[in-house]
Each structure stands twice: as structure tokens, then as C-alpha cells.
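*Asks:* See input_7.csv below, with CSV, C-alpha atoms.
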```csv
chain,number,residue,atom,x,y,z
N,169,MET,CA,12.2,-1.7,-2.7
N,170,ILE,CA,10.1,-2.2,-5.8
N,171,LEU,CA,6.4,-1.8,-5.3
N,172,ILE,CA,3.9,-3.7,-7.5
N,173,GLY,CA,0.2,-3.4,-7.6
N,174,GLY,CA,-2.4,-5.4,-9.5
N,175,ASN,CA,-5.3,-7.8,-9.3
N,176,THR,CA,-5.5,-11.2,-7.7
N,177,THR,CA,-8.1,-14.0,-7.9
N,178,SER,CA,-6.0,-16.3,-5.6
N,179,ASP,CA,-8.0,-17.5,-2.6
N,180,ASP,CA,-4.6,-18.3,-0.9
N,181,PHE,CA,-3.5,-14.7,-1.0
N,182,ALA,CA,-6.9,-13.0,-0.7
N,183,PRO,CA,-9.9,-14.3,1.2
N,184,ALA,CA,-11.8,-15.5,-1.8
N,185,SER,CA,-11.3,-16.2,-5.5
N,186,ASN,CA,-13.2,-13.1,-6.7
N,187,GLU,CA,-11.2,-10.0,-7.7
N,188,HIS,CA,-9.1,-8.2,-5.1
N,189,GLY,CA,-6.6,-5.4,-5.6
N,190,PHE,CA,-3.2,-6.1,-4.1
N,191,LEU,CA,0.1,-4.4,-3.4
N,192,MET,CA,3.4,-6.1,-2.8
N,193,ALA,CA,7.0,-5.1,-2.3
N,194,ILE,CA,10.2,-6.9,-3.3
N,195,ASP,CA,13.7,-5.8,-2.7
N,196,THR,CA,16.1,-5.1,-5.5
N,197,SER,CA,17.5,-8.7,-5.1
N,198,GLY,CA,14.0,-10.0,-5.9
N,199,ASN,CA,13.2,-11.1,-2.3
N,200,TYR,CA,9.5,-10.8,-1.3
N,201,GLN,CA,9.2,-8.2,1.5
N,202,TRP,CA,5.5,-7.7,2.1
N,203,GLY,CA,2.1,-8.1,0.4
N,204,LYS,CA,-1.3,-6.8,1.1
N,205,PHE,CA,-4.7,-7.4,-0.5
N,206,PHE,CA,-7.6,-5.0,-0.4
N,207,TYR,CA,-11.1,-6.2,0.4
N,208,ASN,CA,-13.6,-6.0,-2.4
N,209,VAL,CA,-16.6,-5.6,-0.2
N,210,SER,CA,-17.7,-2.3,1.5
N,211,TYR,CA,-14.8,-0.1,0.6
N,212,ALA,CA,-14.2,-2.1,-2.6
N,213,LEU,CA,-11.0,-2.3,-4.5
N,214,SER,CA,-11.0,-4.9,-7.2
N,215,ASP,CA,-7.9,-3.9,-9.1
N,216,ILE,CA,-4.8,-1.6,-8.9
N,217,GLN,CA,-3.7,-0.3,-12.3
N,218,GLY,CA,-1.1,2.2,-11.3
N,219,CYS,CA,1.1,3.3,-8.4
N,220,GLN,CA,3.6,6.1,-8.1
N,221,MET,CA,5.6,7.7,-5.3
N,222,SER,CA,4.5,11.3,-4.5
N,223,SER,CA,6.5,14.3,-5.6
N,224,GLU,CA,8.5,14.4,-2.3
N,225,GLY,CA,8.6,10.7,-1.7
N,226,ASN,CA,6.4,10.8,1.5
N,227,SER,CA,3.6,8.6,0.2
N,228,LEU,CA,2.6,6.1,-2.5
N,229,THR,CA,-0.4,7.0,-4.7
N,230,LEU,CA,-2.6,4.3,-6.2
N,231,ILE,CA,-5.2,4.3,-8.9
N,232,GLY,CA,-7.6,1.4,-9.3
N,233,LEU,CA,-11.1,0.3,-9.7
N,234,GLY,CA,-13.8,-0.3,-7.0
N,235,ASN,CA,-17.4,-1.1,-7.9
N,236,SER,CA,-16.3,-0.5,-11.5
N,237,GLN,CA,-15.4,3.1,-10.7
N,238,PRO,CA,-12.0,4.8,-10.4
N,239,VAL,CA,-10.5,4.9,-7.0
N,240,ILE,CA,-7.5,7.0,-5.8
N,241,MET,CA,-5.7,6.0,-2.6
N,242,SER,CA,-2.7,7.6,-0.9
N,243,ILE,CA,-0.9,5.3,1.5
Q,29,MET,CA,-23.6,4.2,-14.4
Q,30,PRO,CA,-20.9,5.2,-16.9
Q,31,GLU,CA,-18.4,2.6,-18.1
Q,32,TYR,CA,-15.0,3.5,-16.6
Q,33,ALA,CA,-11.5,2.1,-17.3
Q,34,VAL,CA,-8.3,3.1,-15.6
Q,35,ALA,CA,-4.9,2.5,-17.0
Q,36,GLY,CA,-2.4,3.7,-14.4
Q,37,ALA,CA,-2.1,7.5,-14.8
Q,38,ILE,CA,-1.7,9.0,-11.3
Q,39,PHE,CA,0.6,11.5,-9.7
Q,40,ASN,CA,0.5,13.2,-6.3
Q,41,GLU,CA,2.1,16.6,-6.0
Q,42,GLU,CA,2.6,17.3,-2.3
Q,43,ARG,CA,3.2,21.1,-2.7
Q,44,ASN,CA,2.4,23.2,-5.7
Q,45,ARG,CA,4.4,26.4,-5.4
Q,46,LEU,CA,2.1,28.4,-7.7
Q,47,SER,CA,-1.0,27.4,-5.7
Q,48,ASN,CA,-0.2,28.2,-2.1
Q,49,ASN,CA,1.6,24.9,-1.7
Q,50,GLU,CA,-1.6,23.0,-2.0
Q,51,ASN,CA,-1.5,19.2,-2.4
Q,52,PHE,CA,-3.0,17.8,-5.7
Q,53,PHE,CA,-3.7,14.5,-7.4
Q,54,TYR,CA,-3.4,14.4,-11.2
Q,55,THR,CA,-5.1,11.5,-12.9
Q,56,ALA,CA,-6.8,10.4,-16.1
Q,57,PHE,CA,-9.2,7.6,-17.0
Q,58,THR,CA,-11.8,6.9,-19.6
Q,59,MET,CA,-15.5,7.3,-19.0
Q,60,ASN,CA,-17.6,5.8,-21.7
Q,61,ASP,CA,-15.9,7.0,-25.0
Q,62,ALA,CA,-14.1,10.0,-23.6
Q,63,MET,CA,-10.9,10.4,-21.6
Q,64,GLN,CA,-11.0,12.6,-18.6
Q,65,ILE,CA,-7.8,14.3,-17.4
Q,66,MET,CA,-8.1,16.1,-14.1
Q,67,ARG,CA,-6.5,17.7,-11.0
Q,68,ILE,CA,-8.1,16.9,-7.7
Q,69,LYS,CA,-7.4,18.6,-4.3
Q,70,ASN,CA,-5.9,16.2,-1.8
Q,71,SER,CA,-7.9,17.5,1.1
Q,72,ASN,CA,-10.9,16.7,3.3
Q,73,SER,CA,-12.9,18.0,0.4
Q,74,PRO,CA,-11.4,16.4,-2.7
Q,75,ASP,CA,-12.8,18.8,-5.2
Q,76,ILE,CA,-11.9,18.6,-8.9
Q,77,ASP,CA,-9.8,21.7,-9.5
Q,78,TRP,CA,-9.8,21.4,-13.3
Q,79,ASN,CA,-10.9,18.8,-15.8
Q,80,ASN,CA,-10.2,18.3,-19.5
Q,81,GLU,CA,-12.2,15.9,-21.6
Q,82,VAL,CA,-10.6,14.3,-24.7
Q,83,VAL,CA,-13.2,13.1,-27.1
Q,84,ASP,CA,-13.1,11.3,-30.4
Q,85,LEU,CA,-12.7,13.5,-33.5
Q,86,THR,CA,-15.3,11.4,-35.3
Q,87,THR,CA,-17.8,8.8,-34.3
Q,88,ASP,CA,-17.9,7.1,-37.7
Q,89,GLN,CA,-16.1,4.0,-36.3
Q,90,GLN,CA,-17.4,1.5,-33.8
Q,91,THR,CA,-16.5,2.3,-30.2
Q,92,ASP,CA,-14.0,-0.5,-30.0
Q,93,ASP,CA,-12.3,0.5,-33.3
Q,94,PHE,CA,-8.6,0.8,-33.3
Q,95,TYR,CA,-8.8,4.6,-34.0
Q,96,ARG,CA,-10.9,5.3,-31.0
Q,97,ARG,CA,-8.8,3.5,-28.4
Q,98,LYS,CA,-7.3,5.5,-25.7
Q,99,GLU,CA,-5.3,4.6,-22.5
Q,100,PRO,CA,-3.8,7.0,-20.1
Q,101,ASN,CA,-1.0,4.8,-18.7
Q,102,PHE,CA,1.3,7.3,-16.9
Q,103,ILE,CA,1.5,10.9,-15.7
Q,104,HIS,CA,5.0,12.0,-14.9
Q,105,VAL,CA,6.8,15.3,-14.2
Q,106,ASP,CA,9.1,17.0,-16.6
Q,107,PRO,CA,12.5,17.0,-14.7
Q,108,ASP,CA,13.4,20.4,-16.2
Q,109,ASP,CA,10.1,22.2,-15.5
Q,110,ASP,CA,8.1,21.4,-12.4
Q,111,GLN,CA,5.0,23.1,-13.7
Q,112,VAL,CA,4.7,20.7,-16.6
Q,113,LEU,CA,3.5,17.1,-16.7
Q,114,TYR,CA,3.6,14.4,-19.4
Q,115,MET,CA,0.9,11.9,-20.0
Q,116,SER,CA,2.0,8.8,-21.9
Q,117,GLY,CA,-0.1,6.0,-23.3
Q,118,ARG,CA,-2.4,5.8,-26.3
Q,119,LEU,CA,-4.7,8.2,-28.1
Q,120,GLN,CA,-6.4,7.7,-31.4
Q,121,GLY,CA,-5.1,4.2,-31.4
Q,122,ALA,CA,-1.5,5.2,-31.4
Q,123,GLY,CA,1.2,5.5,-28.8
Q,124,SER,CA,1.0,9.1,-27.6
Q,125,LEU,CA,2.8,11.6,-25.4
Q,126,ILE,CA,1.0,14.8,-24.2
Q,127,ARG,CA,2.8,17.7,-22.5
Q,128,PHE,CA,0.4,19.8,-20.4
Q,129,ALA,CA,0.5,22.6,-17.8
Q,130,LYS,CA,-0.2,21.6,-14.2
Q,131,ASN,CA,-2.1,24.6,-13.2
Q,132,ASP,CA,-4.8,24.7,-15.9
Q,133,GLY,CA,-4.4,21.5,-17.9
Q,134,ASP,CA,-3.6,23.3,-21.1
Q,135,ILE,CA,-2.1,21.0,-23.6
Q,136,ARG,CA,1.2,22.4,-24.9
Q,137,TRP,CA,1.8,19.6,-27.5
Q,138,TRP,CA,0.7,16.1,-28.3
Q,139,ALA,CA,3.1,13.6,-30.0
Q,140,LYS,CA,1.3,10.8,-31.7
Q,141,PHE,CA,3.7,7.9,-32.7
Q,142,LYS,CA,2.0,6.4,-35.8
Q,143,LEU,CA,4.2,3.2,-35.7
Q,144,LEU,CA,3.6,2.6,-32.0
Q,145,SER,CA,0.3,1.1,-30.8
Q,146,ASN,CA,0.8,2.0,-27.1
Q,147,ILE,CA,3.4,3.2,-24.6
Q,148,TYR,CA,4.1,0.9,-21.7
Q,149,ALA,CA,7.2,2.4,-20.1
Q,150,PHE,CA,9.2,5.6,-20.0
Q,151,ALA,CA,12.6,6.7,-18.6
Q,152,TYR,CA,14.4,10.0,-18.4
Q,153,GLY,CA,18.0,10.1,-19.7
Q,154,THR,CA,20.8,12.2,-18.4
Q,155,ASP,CA,20.9,14.2,-21.6
Q,156,ASP,CA,17.5,15.9,-21.6
Q,157,ASN,CA,16.0,12.9,-23.5
Q,158,LEU,CA,12.7,11.2,-22.6
Q,159,PHE,CA,12.6,7.6,-23.7
Q,160,VAL,CA,9.3,5.7,-24.3
Q,161,CYS,CA,8.8,2.1,-25.0
Q,162,GLY,CA,5.8,0.3,-26.5
Q,163,ASP,CA,4.6,-2.2,-29.1
Q,164,TYR,CA,3.4,-2.1,-32.7
Q,165,GLN,CA,0.6,-4.3,-34.0
Q,166,PRO,CA,0.4,-3.5,-37.7
Q,167,SER,CA,-2.2,-6.2,-38.3
Q,168,GLU,CA,-4.4,-5.2,-35.4
Q,169,LYS,CA,-6.9,-3.1,-37.4
Q,170,GLU,CA,-7.5,-6.0,-39.8
Q,171,GLU,CA,-7.8,-8.5,-36.9
Q,172,VAL,CA,-10.4,-6.4,-35.2
Q,173,ALA,CA,-12.4,-6.1,-38.4
Q,174,GLU,CA,-12.2,-9.9,-39.1
Q,175,ASN,CA,-13.2,-10.8,-35.5
Q,176,GLY,CA,-15.9,-8.3,-35.2
Q,177,GLY,CA,-14.5,-6.9,-32.0
Q,178,ILE,CA,-11.6,-6.7,-29.7
Q,179,THR,CA,-8.9,-9.3,-30.1
Q,180,ASP,CA,-8.0,-11.4,-27.0
Q,181,SER,CA,-4.3,-10.6,-27.3
Q,182,ALA,CA,-2.5,-8.1,-25.1
Q,183,PRO,CA,-2.9,-5.3,-24.3
Q,184,TYR,CA,-6.7,-5.2,-24.6
Q,185,GLU,CA,-7.8,-7.9,-22.2
Q,186,ASP,CA,-7.8,-5.5,-19.2
Q,187,VAL,CA,-9.6,-2.6,-20.9
Q,188,GLU,CA,-13.0,-2.2,-22.2
Q,189,PHE,CA,-13.8,0.3,-24.9
```
Kindly transcribe the structure held in the file into C-alpha cells.

*Replies:*
Amino acid sequence: MILIGGNTTSDDFAPASNEHGFLMAIDTSGNYQWGKFFYNVSYALSDIQGCQMSSEGNSLTLIGLGNSQPVIMSI
Amino acid sequence: MPEYAVAGAIFNEERNRLSNNENFFYTAFTMNDAMQIMRIKNSNSPDIDWNNEVVDLTTDQQTDDFYRRKEPNFIHVDPDDDQVLYMSGRLQGAGSLIRFAKNDGDIRWWAKFKLLSNIYAFAYGTDDNLFVCGDYQPSEKEEVAENGGITDSAPYEDVEF
């Protein structure tokens, strides 16, 4: 799969049209596999700027912005 | 609160063999006018293990001047030396590649590509080569001066300086 992170202002995909970080996966044929938005409220994440697999491939690490501050997540 | 910008530089090393197999994050971002490169322990107490600050050599220019732009886009491992990382992106307004040591952040060298405005992708070849890709905007400096600020063309719309 190919994992893509970014920022959405779609109120179809996310709950409202303000900024939400999102992550999605497509397979190598381009078929949508899954997508997830992150709330921009209490544990805010308004954008994802980078994602990379960990050194041994056990997790995905994300860097983004929440409340205008850098946020690191491991999922 | 400081003004932060992130550009994608993140790497998680699950086991560092020179540090008791500890788990670390390596990341970089800008805080106000300086770039911060750091290693953070991936633990219940995510302390900053080391931190380097990259500052402008001069402050003669405006903060959004071409020369002062910096974006840490990627942090990636040297496939031939697991104690070394590369950071690729932009420094001093030019596409740049920095090679630094994992355990103390010491910069071993910094390549500044004067005819590259930024680096947006990288790939390792099978022949010890590291390929970087980016763009070149030769008129950018003049455009910025004419417009009195940052142009609205890519790649600047997502980053504040």
C-alpha cells in the first residue's frame, strides 16, 4: 500500500470544513483502501506534513501541526 | 507562542544499537527564524536527547527573503551506515542535503545546490548513489522583491517564514 497524509477542508470526509489532518491508503493499483481524519479539537491535528515507516517497519510515524505547534504521532 | 512550520522531516528508529537499543524519533522543523533538528526519546517521557539549532548567517534580509528560507522535508537513513542520517530540503534558499550523525547530531557535511530551490523527493540507487529531485525558480528573488513578500506560487503557500 501507499500511505498519504495531508490536510482536508472537506466536510464530506471530515466532520466540518475547517482544517483536519488526514491519512489514507491506496494499493499499488490505485484503489482506495482506507482513510481516516483526525479531529482538530481537543487533541488537535490540523495537518500532516510527513509520514515515514519506522526503521523496522513496525509502525508509521507522522509529523504535523496541532494548535499551530509540531505534533509527532506513531501509529 | 513561537511561529512553527513543519515540512515533513520525521524518522523513527526502533532500536539504536549504540544507545542500549533505545527507541528515538528524529525530526526537524522551524521555530520563528531558526530550524531545530532534534532527537527525542520514544518513551513515556519523550525527552529531547539532543538538539541543534540552525540559524541565519545574517539578518540583513527580511525574514521572508529567499536567502533565509529553510524547509526540512525529509530525514532518511544512509543505507551503508546506520549511524548516519540525511536531511534533505532547503537551507539558505537553496536545495540542500545534510549528512549528520545520529548519536550527537554532528553535521558531517552540507551540500547546497545553488541551482535547486528545494528538494521534494529522494531515492537511493543500487550503485551507492543518492538521487534528489526538486525545482529551480531563477526569477523567484526578483518576484519576491517586486511583490513585497512571498509569492503565491508553489512551494510557499503551505509554509510561513

*Asks:* Compile the contact shell of His188 (chain N) as a list in words: residues with an atom at most 8 Å away, counting only C-alpha atoms, same-chain residues fewer than 4 positions apart removed.

*Replies:*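 Skipping anything fewer than 4 positions along the chain leaves Asn175, Thr176, Thr177, Ala182, Phe205, Phe206, Tyr207, Asn208, Leu213, Ser214 and Asp215 of chain N.
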
*Asks:* Between CA of Met63 (chain Q) and CA of Ile170 (chain N), what is the spacing in Å?

*Replies:* 29.1 Å

*Asks:* Pick from Q:Tyr152, Q:Gln165, Q:Pro30, Q:Glu42: nearest to Asp108 (chain Q), with only C-alpha atoms counted?

*Replies:*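 Checking each of Q:Tyr152, Q:Gln165, Q:Pro30, Q:Glu42 against Asp108 (chain Q), counting only C-alpha atoms, the winner is Q:Tyr152.
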
*Asks:* What gap, in Å, lies between CA of Ser145 (chain Q) and CA of Leu125 (chain Q)?

*Replies:*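 The value is 12.1 Å.
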
*Asks:* Set the cut-off to 6 Å and count all atoms listed in the file: what are the residues of chain N that reach chain Q? Output as a list of chain:residue names.

*Replies:*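 Therefore, the residues near the partner are N:Gln217, N:Gly218, N:Ser222, N:Ser223, N:Gln237.
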
*Asks:* Quick one: residues within 10 Å of Tyr148 (chain Q), only C-alpha atoms, excluding same-chain residues fewer than 5 positions away - as number ranges by chain?

*Replies:* Q: 101-102, 116-118, 123, 160-163, 183

*Asks:* Determine, counting all atoms listed in the file, which protein, DNA and RNA residues have an atom within 10 Å of an atom of region 85-89 of chain Q; residues of the same chain fewer than 6 positions away are not included. Present the result as a list of chain:residue names.

*Replies:*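 Neighbouring residues, sequence-local ones excluded: Q:Asp61, Q:Tyr95, Q:Arg96, Q:Gln120.
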
*Asks:* From the set N:Ala193, N:Ile243, N:Lys204, N:Gly174, which residue has the shortest atom-to-atom contact distance to Ser227 (chain N), counting only C-alpha atoms?

*Replies:*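 Of N:Ala193, N:Ile243, N:Lys204, N:Gly174, the one nearest Ser227 (chain N), counting only C-alpha atoms, is N:Ile243.
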
*Asks:* At what distance in Å, to one decimal, does CA of Trp78 (chain Q) lie from CA of Gly225 (chain N)?

*Replies:* 24.2 Å

*Asks:* Can you work out which one of N:Thr229, N:Ile172, N:Ser178, N:Tyr211 has the shortest atom-to-atom distance to Met192 (chain N), counting all atoms listed in the file?

*Replies:*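 Checking each of N:Thr229, N:Ile172, N:Ser178, N:Tyr211 against Met192 (chain N), counting all atoms listed in the file, the winner is N:Ile172.
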
*Asks:* So which residues fall inside 6 Å of (15.9, -0.7, -3.0) if we count only C-alpha atoms? Mind giving them as an MDAnalysis selection string?

*Replies:* chainID N and resid 169 195:196

*Asks:* Using only C-alpha atoms, which residue out of N:Gly232, N:Phe181, N:Ser242, N:Gly189 lies closest to Val209 (chain N)?

*Replies:* N:Gly189

*Asks:* Please reconstruct the missing atoms of region 177-212 of chain N (target: N, CA and C atoms) and return them as a compact mmCIF listing (two decimals), keeping the file's coordinate frame.

*Replies:*
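What ended up in part_30.txt:
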```txt
# COMPACT_ATOMS: atom_id res chain seq x y z
N THR N 177 -6.89 -13.14 -8.09
CA THR N 177 -8.10 -14.00 -7.90
C THR N 177 -7.65 -15.22 -7.07
N SER N 178 -6.52 -15.13 -6.37
CA SER N 178 -6.00 -16.30 -5.60
C SER N 178 -6.76 -16.29 -4.22
N ASP N 179 -7.37 -17.42 -3.89
CA ASP N 179 -8.00 -17.50 -2.60
C ASP N 179 -6.96 -17.97 -1.51
N ASP N 180 -5.70 -18.14 -1.92
CA ASP N 180 -4.60 -18.30 -0.90
C ASP N 180 -4.15 -16.97 -0.40
N PHE N 181 -4.00 -16.03 -1.34
CA PHE N 181 -3.50 -14.70 -1.00
C PHE N 181 -4.57 -13.81 -0.42
N ALA N 182 -5.71 -13.79 -1.11
CA ALA N 182 -6.90 -13.00 -0.70
C ALA N 182 -7.91 -13.95 -0.11
N PRO N 183 -8.95 -13.41 0.53
CA PRO N 183 -9.90 -14.30 1.20
C PRO N 183 -10.82 -15.09 0.33
N ALA N 184 -10.93 -14.76 -0.93
CA ALA N 184 -11.80 -15.50 -1.80
C ALA N 184 -11.29 -15.36 -3.25
N SER N 185 -11.87 -16.14 -4.15
CA SER N 185 -11.30 -16.20 -5.50
C SER N 185 -11.95 -15.13 -6.42
N ASN N 186 -12.73 -14.21 -5.88
CA ASN N 186 -13.20 -13.10 -6.70
C ASN N 186 -12.05 -12.04 -6.74
N GLU N 187 -12.25 -11.00 -7.49
CA GLU N 187 -11.20 -10.00 -7.70
C GLU N 187 -10.86 -9.19 -6.49
N HIS N 188 -9.57 -9.07 -6.19
CA HIS N 188 -9.10 -8.20 -5.10
C HIS N 188 -7.88 -7.43 -5.61
N GLY N 189 -7.84 -6.14 -5.30
CA GLY N 189 -6.60 -5.40 -5.60
C GLY N 189 -5.55 -5.82 -4.59
N PHE N 190 -4.31 -5.76 -5.03
CA PHE N 190 -3.20 -6.10 -4.10
C PHE N 190 -2.03 -5.19 -4.35
N LEU N 191 -1.17 -5.13 -3.36
CA LEU N 191 0.10 -4.40 -3.40
C LEU N 191 1.14 -5.23 -2.78
N MET N 192 2.31 -5.28 -3.37
CA MET N 192 3.40 -6.10 -2.80
C MET N 192 4.72 -5.36 -3.00
N ALA N 193 5.70 -5.76 -2.23
CA ALA N 193 7.00 -5.10 -2.30
C ALA N 193 8.08 -6.23 -2.40
N ILE N 194 9.01 -6.07 -3.31
CA ILE N 194 10.20 -6.90 -3.30
C ILE N 194 11.42 -6.02 -3.21
N ASP N 195 12.49 -6.57 -2.71
CA ASP N 195 13.70 -5.80 -2.70
C ASP N 195 14.42 -5.90 -4.03
N THR N 196 15.49 -5.16 -4.20
CA THR N 196 16.10 -5.10 -5.50
C THR N 196 16.89 -6.43 -5.81
N SER N 197 16.93 -7.36 -4.85
CA SER N 197 17.50 -8.70 -5.10
C SER N 197 16.34 -9.67 -5.49
N GLY N 198 15.10 -9.17 -5.51
CA GLY N 198 14.00 -10.00 -5.90
C GLY N 198 13.34 -10.74 -4.71
N ASN N 199 13.73 -10.42 -3.49
CA ASN N 199 13.20 -11.10 -2.30
C ASN N 199 11.84 -10.44 -1.92
N TYR N 200 10.84 -11.28 -1.69
CA TYR N 200 9.50 -10.80 -1.30
C TYR N 200 9.65 -10.14 0.11
N GLN N 201 9.13 -8.93 0.24
CA GLN N 201 9.20 -8.20 1.50
C GLN N 201 7.85 -8.18 2.23
N TRP N 202 6.83 -7.73 1.53
CA TRP N 202 5.50 -7.70 2.10
C TRP N 202 4.44 -7.69 1.02
N GLY N 203 3.26 -8.11 1.36
CA GLY N 203 2.10 -8.10 0.40
C GLY N 203 0.86 -7.77 1.16
N LYS N 204 -0.06 -7.12 0.48
CA LYS N 204 -1.30 -6.80 1.10
C LYS N 204 -2.43 -6.85 0.09
N PHE N 205 -3.53 -7.48 0.43
CA PHE N 205 -4.70 -7.40 -0.50
C PHE N 205 -5.68 -6.41 0.09
N PHE N 206 -6.56 -5.95 -0.77
CA PHE N 206 -7.60 -5.00 -0.40
C PHE N 206 -8.94 -5.68 -0.52
N TYR N 207 -9.77 -5.55 0.47
CA TYR N 207 -11.10 -6.20 0.40
C TYR N 207 -11.91 -5.60 -0.74
N ASN N 208 -12.71 -6.44 -1.32
CA ASN N 208 -13.60 -6.00 -2.40
C ASN N 208 -15.03 -6.08 -1.94
N VAL N 209 -15.28 -5.47 -0.78
CA VAL N 209 -16.60 -5.60 -0.20
C VAL N 209 -17.16 -4.15 0.02
N SER N 210 -17.10 -3.63 1.24
CA SER N 210 -17.70 -2.30 1.50
C SER N 210 -16.92 -1.19 0.88
N TYR N 211 -15.64 -1.10 1.22
CA TYR N 211 -14.80 -0.10 0.60
C TYR N 211 -14.01 -0.89 -0.52
N ALA N 212 -14.73 -1.15 -1.61
CA ALA N 212 -14.20 -2.10 -2.60
C ALA N 212 -13.05 -1.62 -3.38
```
